[in-house]
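Shown next: upload18.txt, given as compact mmCIF, C-alpha atoms and all ligand atoms.
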```txt
# COMPACT_ATOMS: atom_id res chain seq x y z
CA PRO A 1329 10.85 -3.67 25.04
CA PRO A 1330 13.12 -0.74 25.93
CA GLY A 1331 13.38 2.06 23.45
CA LEU A 1332 9.99 1.40 21.96
CA GLU A 1333 8.78 4.89 22.78
CA ILE A 1334 11.65 6.56 20.95
CA PRO A 1335 10.44 7.44 17.47
CA TRP A 1336 12.83 6.59 14.66
CA SER A 1337 12.07 9.79 12.86
CA PRO A 1338 10.24 13.04 13.57
CA MET A 1339 7.66 11.92 10.98
CA LEU A 1340 6.56 9.20 13.40
CA SER A 1341 5.66 11.47 16.27
CA GLU A 1342 1.96 11.87 16.94
CA ASP A 1343 1.91 15.63 16.32
CA HIS A 1344 3.84 15.54 13.03
CA PRO A 1345 1.50 16.45 10.16
CA THR A 1346 2.39 13.55 7.82
CA VAL A 1347 -0.44 11.04 7.72
CA ILE A 1348 1.02 7.51 7.66
CA ILE A 1349 -1.15 4.77 6.22
CA GLY A 1350 -0.16 1.12 5.98
CA ILE A 1351 -1.81 -0.83 3.17
CA ALA A 1352 -2.31 -4.42 4.32
CA SER A 1353 -3.85 -7.63 3.07
CA GLY A 1354 -4.29 -11.09 4.50
CA LYS A 1355 -2.78 -12.80 1.50
CA GLY A 1356 -0.88 -12.01 -1.67
CA GLY A 1357 -2.37 -11.40 -5.05
CA VAL A 1358 -5.40 -9.38 -3.98
CA GLY A 1359 -3.95 -6.20 -5.48
CA LYS A 1360 -2.48 -4.53 -2.39
CA SER A 1361 0.53 -3.10 -4.25
CA THR A 1362 -1.60 -1.96 -7.17
CA VAL A 1363 -3.96 -0.23 -4.75
CA THR A 1364 -1.04 1.43 -2.93
CA ALA A 1365 0.44 2.83 -6.15
CA ASN A 1366 -2.88 4.10 -7.42
CA LEU A 1367 -3.92 5.70 -4.15
CA ALA A 1368 -0.55 7.45 -4.03
CA VAL A 1369 -1.03 8.87 -7.51
CA ALA A 1370 -4.66 9.73 -6.78
CA LEU A 1371 -3.58 11.68 -3.70
CA THR A 1372 -1.10 13.70 -5.78
CA ARG A 1373 -3.94 14.52 -8.14
CA LEU A 1374 -5.72 15.99 -5.12
CA GLY A 1375 -2.69 18.24 -4.62
CA LYS A 1376 -1.09 16.23 -1.80
CA ARG A 1377 2.63 15.57 -1.34
CA VAL A 1378 2.95 11.81 -1.25
CA GLY A 1379 5.58 9.21 -0.44
CA VAL A 1380 5.47 5.44 -0.84
CA MET A 1381 7.56 3.13 1.31
CA ASP A 1382 7.62 -0.35 -0.15
CA MET A 1383 7.92 -2.65 2.85
CA ASP A 1384 6.74 -5.67 0.87
CA ILE A 1385 10.36 -6.78 1.20
CA TYR A 1386 10.12 -10.14 -0.51
CA GLY A 1387 7.56 -9.16 -3.10
CA PHE A 1388 8.62 -5.57 -3.73
CA SER A 1389 6.99 -4.26 -6.88
CA GLN A 1390 6.57 -0.51 -6.45
CA GLY A 1391 9.56 0.28 -8.67
CA ARG A 1392 7.94 -1.56 -11.54
CA LEU A 1393 4.50 -0.12 -10.82
CA PHE A 1394 5.93 3.41 -10.97
CA GLY A 1395 8.26 2.68 -13.89
CA ALA A 1396 11.15 3.77 -11.65
CA ASP A 1397 14.47 2.01 -11.76
CA GLY A 1398 18.10 2.37 -10.78
CA PRO A 1399 20.30 2.03 -7.70
CA ALA A 1400 19.90 4.20 -4.61
CA ARG A 1401 21.66 7.56 -4.65
CA ALA A 1402 22.75 9.40 -1.53
CA ASN A 1403 22.78 13.11 -0.74
CA GLN A 1404 25.61 14.99 0.98
CA GLU A 1405 24.44 13.81 4.39
CA GLN A 1406 24.67 10.23 3.13
CA LYS A 1407 20.92 9.80 3.22
CA VAL A 1408 19.13 7.94 0.48
CA ILE A 1409 17.28 10.15 -1.98
CA PRO A 1410 13.88 8.61 -2.74
CA MET A 1411 13.12 7.93 -6.37
CA HIS A 1412 10.62 10.36 -7.86
CA ALA A 1413 8.06 9.13 -10.35
CA HIS A 1414 4.60 10.38 -11.27
CA GLN A 1415 5.01 13.05 -8.54
CA VAL A 1416 5.45 10.36 -5.87
CA HIS A 1417 8.56 9.92 -3.71
CA LEU A 1418 9.39 6.25 -3.53
CA VAL A 1419 11.70 3.98 -1.57
CA THR A 1420 11.75 0.29 -2.42
CA MET A 1421 14.08 -2.70 -2.13
CA SER A 1422 14.85 -2.69 -5.84
CA MET A 1423 17.06 0.36 -5.12
CA PHE A 1424 19.26 -1.78 -2.88
CA VAL A 1425 19.41 -5.27 -4.40
CA PRO A 1426 20.71 -6.25 -7.83
CA LYS A 1427 18.07 -7.19 -10.38
CA ASN A 1428 16.61 -10.69 -10.08
CA GLN A 1429 18.30 -11.28 -6.73
CA ALA A 1430 16.06 -12.53 -3.94
CA VAL A 1431 16.00 -10.96 -0.49
CA VAL A 1432 16.79 -13.65 2.07
CA TRP A 1433 16.78 -11.71 5.33
CA ARG A 1434 14.97 -12.93 8.38
CA GLY A 1435 12.57 -11.22 10.75
CA PRO A 1436 14.86 -8.97 12.83
CA MET A 1437 16.62 -7.73 9.71
CA LEU A 1438 13.29 -6.68 8.28
CA GLY A 1439 12.49 -4.54 11.30
CA LYS A 1440 15.91 -2.96 10.95
CA MET A 1441 15.23 -2.31 7.29
CA MET A 1442 12.01 -0.52 8.09
CA GLN A 1443 13.81 1.60 10.65
CA GLN A 1444 16.39 2.51 8.03
CA PHE A 1445 13.69 3.34 5.52
CA PHE A 1446 12.69 6.04 7.99
CA THR A 1447 15.99 7.22 9.45
CA ASP A 1448 18.37 6.89 6.51
CA VAL A 1449 16.12 8.30 3.82
CA ALA A 1450 15.95 11.99 2.99
CA TRP A 1451 12.15 12.13 2.83
CA PRO A 1452 10.87 15.49 1.70
CA GLU A 1453 7.92 17.04 3.50
CA LEU A 1454 4.94 14.81 2.90
CA ASP A 1455 1.22 15.06 3.49
CA TYR A 1456 0.87 11.27 3.14
CA LEU A 1457 3.24 8.35 3.48
CA LEU A 1458 1.75 5.09 2.22
CA ILE A 1459 3.47 1.91 3.35
CA ASP A 1460 2.99 -1.15 1.16
CA LEU A 1461 3.06 -3.89 3.80
CA PRO A 1462 3.90 -7.54 3.19
CA PRO A 1463 0.83 -9.77 2.90
CA GLY A 1464 -0.30 -11.59 5.99
CA THR A 1465 0.26 -10.99 9.65
CA GLY A 1466 4.03 -11.30 9.78
CA ASP A 1467 6.80 -9.52 11.61
CA VAL A 1468 6.76 -6.36 9.59
CA ALA A 1469 3.05 -5.71 10.01
CA LEU A 1470 3.42 -6.19 13.76
CA ASP A 1471 6.48 -3.97 13.80
CA VAL A 1472 4.51 -1.24 12.10
CA ALA A 1473 1.75 -1.56 14.65
CA GLN A 1474 4.17 -1.40 17.57
CA ARG A 1475 6.74 1.07 16.33
CA ILE A 1476 4.46 3.43 14.43
CA PRO A 1477 1.43 3.74 16.66
CA LYS A 1478 0.23 6.75 14.71
CA ALA A 1479 0.03 4.70 11.51
CA ARG A 1480 -3.44 3.88 10.33
CA LEU A 1481 -4.29 0.84 8.33
CA VAL A 1482 -6.25 0.19 5.17
CA LEU A 1483 -7.16 -3.42 4.44
CA VAL A 1484 -7.39 -4.72 0.90
CA THR A 1485 -9.44 -7.80 0.14
CA THR A 1486 -11.26 -9.37 -2.79
CA PRO A 1487 -14.97 -10.21 -2.57
CA GLN A 1488 -14.03 -13.84 -2.01
CA GLN A 1489 -14.73 -15.44 1.33
CA VAL A 1490 -11.25 -16.90 1.90
CA ALA A 1491 -9.59 -13.57 1.16
CA THR A 1492 -11.90 -11.91 3.64
CA GLU A 1493 -11.19 -14.44 6.35
CA VAL A 1494 -7.43 -14.03 6.10
CA ALA A 1495 -7.83 -10.28 5.93
CA TYR A 1496 -9.79 -10.50 9.15
CA ARG A 1497 -6.86 -12.22 10.83
CA ALA A 1498 -4.58 -9.39 9.68
CA ALA A 1499 -7.06 -6.92 11.13
CA ASP A 1500 -7.20 -8.86 14.38
CA VAL A 1501 -3.44 -8.44 14.83
CA ALA A 1502 -3.74 -4.73 14.08
CA GLN A 1503 -6.56 -4.26 16.56
CA ARG A 1504 -4.72 -6.10 19.31
CA ALA A 1505 -1.83 -3.72 18.70
CA HIS A 1506 -4.33 -0.85 18.98
CA GLN A 1507 -3.79 0.25 15.44
CA ARG A 1508 -6.58 2.23 13.90
CA ILE A 1509 -8.13 0.74 10.78
CA ILE A 1510 -9.58 3.46 8.59
CA GLY A 1511 -11.41 1.17 6.24
CA VAL A 1512 -11.58 -1.70 3.80
CA ILE A 1513 -10.99 -1.55 0.05
CA GLU A 1514 -12.50 -4.34 -1.99
CA ASN A 1515 -10.46 -4.97 -5.14
CA MET A 1516 -11.36 -7.04 -8.21
CA SER A 1517 -14.99 -6.56 -7.17
CA PHE A 1518 -16.53 -7.06 -10.60
CA VAL A 1519 -15.90 -6.79 -14.31
CA PRO A 1520 -17.99 -3.90 -15.64
CA LEU A 1521 -20.08 -5.07 -18.63
CA ALA A 1522 -22.31 -3.21 -21.07
CA HIS A 1523 -25.54 -1.64 -19.77
CA GLY A 1524 -24.16 -1.28 -16.26
CA GLU A 1525 -24.09 -5.00 -15.67
CA ARG A 1526 -21.41 -6.56 -13.51
CA LEU A 1527 -19.69 -9.90 -13.74
CA GLU A 1528 -18.73 -10.90 -10.22
CA VAL A 1529 -15.76 -13.14 -10.94
CA PHE A 1530 -14.65 -13.52 -7.32
CA GLY A 1531 -18.06 -13.62 -5.70
CA HIS A 1532 -19.86 -10.98 -3.76
CA GLY A 1533 -19.84 -9.17 -0.44
CA GLY A 1534 -16.41 -9.93 1.04
CA GLY A 1535 -15.41 -6.30 1.47
CA GLN A 1536 -18.73 -5.27 2.96
CA GLU A 1537 -18.70 -8.19 5.36
CA LEU A 1538 -15.16 -7.46 6.54
CA ALA A 1539 -15.95 -3.77 6.98
CA GLN A 1540 -19.06 -4.59 9.00
CA THR A 1541 -17.23 -7.06 11.20
CA LEU A 1542 -14.56 -4.47 11.95
CA ASP A 1543 -17.07 -1.65 12.22
CA VAL A 1544 -15.15 0.47 9.70
CA PRO A 1545 -16.27 1.92 6.36
CA LEU A 1546 -16.00 0.12 3.03
CA LEU A 1547 -13.98 2.82 1.26
CA GLY A 1548 -14.68 1.56 -2.23
CA GLN A 1549 -15.02 -1.32 -4.67
CA ILE A 1550 -12.45 -1.36 -7.45
CA PRO A 1551 -13.47 -3.12 -10.64
CA LEU A 1552 -11.38 -5.80 -12.31
CA GLU A 1553 -10.35 -4.16 -15.57
CA PRO A 1554 -7.55 -4.93 -18.05
CA VAL A 1555 -6.46 -1.25 -17.99
CA VAL A 1556 -5.48 -1.66 -14.33
CA ARG A 1557 -3.01 -4.42 -15.08
CA GLU A 1558 -1.82 -2.75 -18.29
CA GLY A 1559 -1.11 0.49 -16.45
CA SER A 1560 0.84 -1.39 -13.80
CA ASP A 1561 2.85 -3.37 -16.34
CA GLN A 1562 3.74 -0.18 -18.19
CA GLY A 1563 4.82 1.64 -15.04
CA THR A 1564 2.00 4.16 -15.11
CA PRO A 1565 -0.78 3.50 -12.57
CA VAL A 1566 -4.25 3.40 -14.12
CA VAL A 1567 -5.24 6.65 -12.40
CA LEU A 1568 -2.87 8.31 -14.89
CA SER A 1569 -2.81 5.85 -17.80
CA ALA A 1570 -6.60 5.55 -18.15
CA PRO A 1571 -8.13 8.34 -16.05
CA GLU A 1572 -11.53 7.84 -17.71
CA SER A 1573 -11.79 4.24 -16.48
CA LEU A 1574 -14.12 3.24 -13.68
CA ALA A 1575 -11.13 1.94 -11.71
CA ALA A 1576 -9.34 5.30 -11.92
CA GLU A 1577 -12.50 7.12 -10.88
CA THR A 1578 -12.93 4.78 -7.92
CA PHE A 1579 -9.33 5.28 -6.76
CA LEU A 1580 -9.87 9.04 -6.79
CA GLN A 1581 -13.06 8.70 -4.77
CA ILE A 1582 -11.25 6.57 -2.20
CA ALA A 1583 -8.33 9.02 -2.00
CA GLN A 1584 -10.79 11.74 -1.10
CA LYS A 1585 -11.81 9.74 1.97
CA MET A 1586 -8.23 9.44 3.22
P1 LIG B 1 -0.60 -7.99 -4.17
O1 LIG B 1 0.22 -6.75 -3.93
O2 LIG B 1 -1.78 -8.07 -3.26
O3 LIG B 1 0.19 -9.24 -4.18
P2 LIG B 1 -0.75 -7.00 -6.90
O4 LIG B 1 -1.02 -5.56 -6.69
O5 LIG B 1 0.64 -7.41 -7.26
O6 LIG B 1 -1.23 -7.85 -5.62
O7 LIG B 1 -1.79 -7.53 -8.00
C1 LIG B 1 -1.77 -8.85 -8.45
C2 LIG B 1 -2.04 -8.87 -9.96
O8 LIG B 1 -3.38 -8.48 -10.22
C3 LIG B 1 -1.16 -7.92 -10.75
O9 LIG B 1 -0.86 -8.50 -11.99
C4 LIG B 1 -2.05 -6.70 -10.96
O10 LIG B 1 -1.72 -5.98 -12.14
C5 LIG B 1 -3.43 -7.34 -11.07
N1 LIG B 1 -4.52 -6.48 -10.58
C6 LIG B 1 -4.65 -5.95 -9.34
N2 LIG B 1 -5.81 -5.26 -9.21
C7 LIG B 1 -6.43 -5.35 -10.42
C8 LIG B 1 -7.67 -4.83 -10.95
N3 LIG B 1 -8.51 -4.12 -10.20
N4 LIG B 1 -7.96 -5.12 -12.26
C9 LIG B 1 -7.11 -5.86 -13.02
N5 LIG B 1 -5.95 -6.38 -12.60
C10 LIG B 1 -5.61 -6.12 -11.31
```
Spell out the structure here as structure tokens.
Amino acid sequence: PPGLEIPWSPMLSEDHPTVIIGIASGKGGVGKSTVTANLAVALTRLGKRVGVMDMDIYGFSQGRLFGADGPARANQEQKVIPMHAHQVHLVTMSMFVPKNQAVVWRGPMLGKMMQQFFTDVAWPELDYLLIDLPPGTGDVALDVAQRIPKARLVLVTTPQQVATEVAYRAADVAQRAHQRIIGVIENMSFVPLAHGERLEVFGHGGGQELAQTLDVPLLGQIPLEPVVREGSDQGTPVVLSAPESLAAETFLQIAQKM
């Protein structure tokens, strides 16, 4: 389509230093948003300047995960000022829709929204911009692949076979669009028990299998731990709320590979 080569924002050009990473999953509920929030915070702990763009339009949750609330505010140039929480700059739908109101836009509107999240937001200088993508292989994920060719992708899956299969379909779309996949993160991999034992609630091997199929690294296996959910519910990602936990440690290790 015409105009596809014109970047929406300088950040999108190939030689701009901001690393843009889309966080994708085949289906909902595998922890994609949780992983996005924690990787963002982990990257700030490594001294990086980090932004999060919540493109999970229907299921937006980054405001809650960061404990950040309130309507969008604009600067003098009428650009939206990202919220700032836990050192992360954040733009999410909750800034634009009243509480408890559903977003009912259709495909083309979503693409427009993403464009506006780039052009109409006063992003500060960032080392990393993480985009929380909607689950599945829908319009927005394709839009990202086509309109932000420099974006790389991280795939989140659980160890479970079905989650892996749908994640593979998401990856297939990305690969057809020539989007680089930097790796797979397996979430909810196991419950850590005493004596180093592991309870594999959702089975075994899904992340490894997906990574092998795609010929990309398995970036890490995040344990299923109550502190992860508690941190999220309290608006402080586990990397900060329980830094001594295995989950927090794993997020930091993954951030180092990004
Ligand atoms: P998605 O974005 O893929 O739909 P979420 O990030 O919203 O998934 O996670 C789904 C639920 O699982 C949330 O309640 C979240 O707190 C919880 N959760 C995610 N990852 C973990 C984990 N590693 N340990 C414990 N709870 C988790």
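Residues of protein or nucleic acid lying within 6 Å of ligand LIG 1 (chain B), counting only C-alpha atoms and all ligand atoms, are A:Gly1356, A:Gly1357, A:Val1358, A:Gly1359, A:Lys1360, A:Ser1361, A:Thr1362, A:Asn1515, A:Met1516, A:Ile1550, A:Pro1551, A:Leu1552, A:Glu1553, A:Pro1554, A:Val1556, A:Arg1557, A:Ser1560.
Of note, CA of Ala1352 (chain A) and CA of Gln1489 (chain A) are spaced 16.9 Å apart.
Our summary of the geometry notes that CA of Ala1498 (chain A) is positioned 20.8 Å from CA of Ser1389 (chain A).
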Distance query 12 Å from (-3.9, 3.0, -18.1) using only C-alpha atoms, result as a VMD selection string: chain A and resid 1366 1393 1553 to 1577
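Here the question is which of A:Lys1440, A:Lys1585, A:His1523, A:Arg1508 gets nearest to Asp1543 (chain A) using only C-alpha atoms, and that residue is A:Arg1508.
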Among listed residues A:Arg1373, A:Arg1526, A:His1412, A:Arg1401, nearest Gln1581 (chain A) (using only C-alpha atoms):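 Counting only C-alpha atoms, the residue closest to Gln1581 (chain A) is A:Arg1373.
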Interatomic distance, CA of Lys1355 (chain A) to CA of Asp1500 (chain A) (Å, one decimal): 14.2 Å
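Distance annotation: of A:Pro1487, A:Gly1350, A:Gly1391, A:Gly1524, the residue with the minimal separation from Met1586 (chain A) is A:Gly1350; atom set is only C-alpha atoms.
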Padding 3 Å on every side, please: axis-aligned box over the listed atoms of region 1566-1585 of chain A, centre and edge lengths to one decimal in Å, as lines of an AutoDock Vina configuration file.
```
center_x = -8.5
center_y = 6.8
center_z = -8.1
size_x = 17.3
size_y = 15.8
size_z = 26.1
```
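The shell of residues at most 8 Å from region 1495-1497 of chain A, with only C-alpha atoms counted and near chain neighbours (fewer than 5 positions) removed, consists of A:Ser1353, A:Gly1354, A:Lys1355, A:Gly1464, A:Thr1465, A:Leu1483, A:Val1484, A:Thr1485, A:Leu1538.
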Test item: which residues lie within 10 Å of (18.5, 3.3, -12.3) counting only C-alpha atoms, as a PyMOL selection string: chain A and resi 1396-1401+1411+1422-1423
Atoms kept (C-alpha atoms) for selection, written as an mmCIF file, in the coordinates of the input:
```
data_model
loop_
_atom_site.group_PDB
_atom_site.id
_atom_site.type_symbol
_atom_site.label_atom_id
_atom_site.label_comp_id
_atom_site.auth_asym_id
_atom_site.auth_seq_id
_atom_site.Cartn_x
_atom_site.Cartn_y
_atom_site.Cartn_z
ATOM 1 C CA ALA A 1396 11.150 3.770 -11.650
ATOM 2 C CA ASP A 1397 14.470 2.010 -11.760
ATOM 3 C CA GLY A 1398 18.100 2.370 -10.780
ATOM 4 C CA PRO A 1399 20.300 2.030 -7.700
ATOM 5 C CA ALA A 1400 19.900 4.200 -4.610
ATOM 6 C CA ARG A 1401 21.660 7.560 -4.650
ATOM 7 C CA MET A 1411 13.120 7.930 -6.370
ATOM 8 C CA SER A 1422 14.850 -2.690 -5.840
ATOM 9 C CA MET A 1423 17.060 0.360 -5.120
#
```
Nearest to Ala1499 (chain A), chosen from A:Gln1406, A:Ala1539, A:Asp1460, A:Ile1349, with all atoms listed in the file counted in the distances: A:Ala1539
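The nearest approach to Val1501 (chain A) among the residues A:Leu1546, A:Leu1374, A:Leu1470, A:Ile1513, with only C-alpha atoms taken into account, belongs to A:Leu1470.
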Residue nearest Phe1579 (chain A) - candidates A:Ala1368, A:Val1380, A:Leu1481, A:Asp1343, atoms counted: all atoms listed in the file: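 That would be A:Ala1368, the residue with the smallest distance to Phe1579 (chain A).
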Residue contacts of Val1416 (chain A) (6 Å, all atoms listed in the file) excluding same-chain residues fewer than 3 positions away, as a PyMOL selection string: chain A and resi 1378-1379+1412-1413
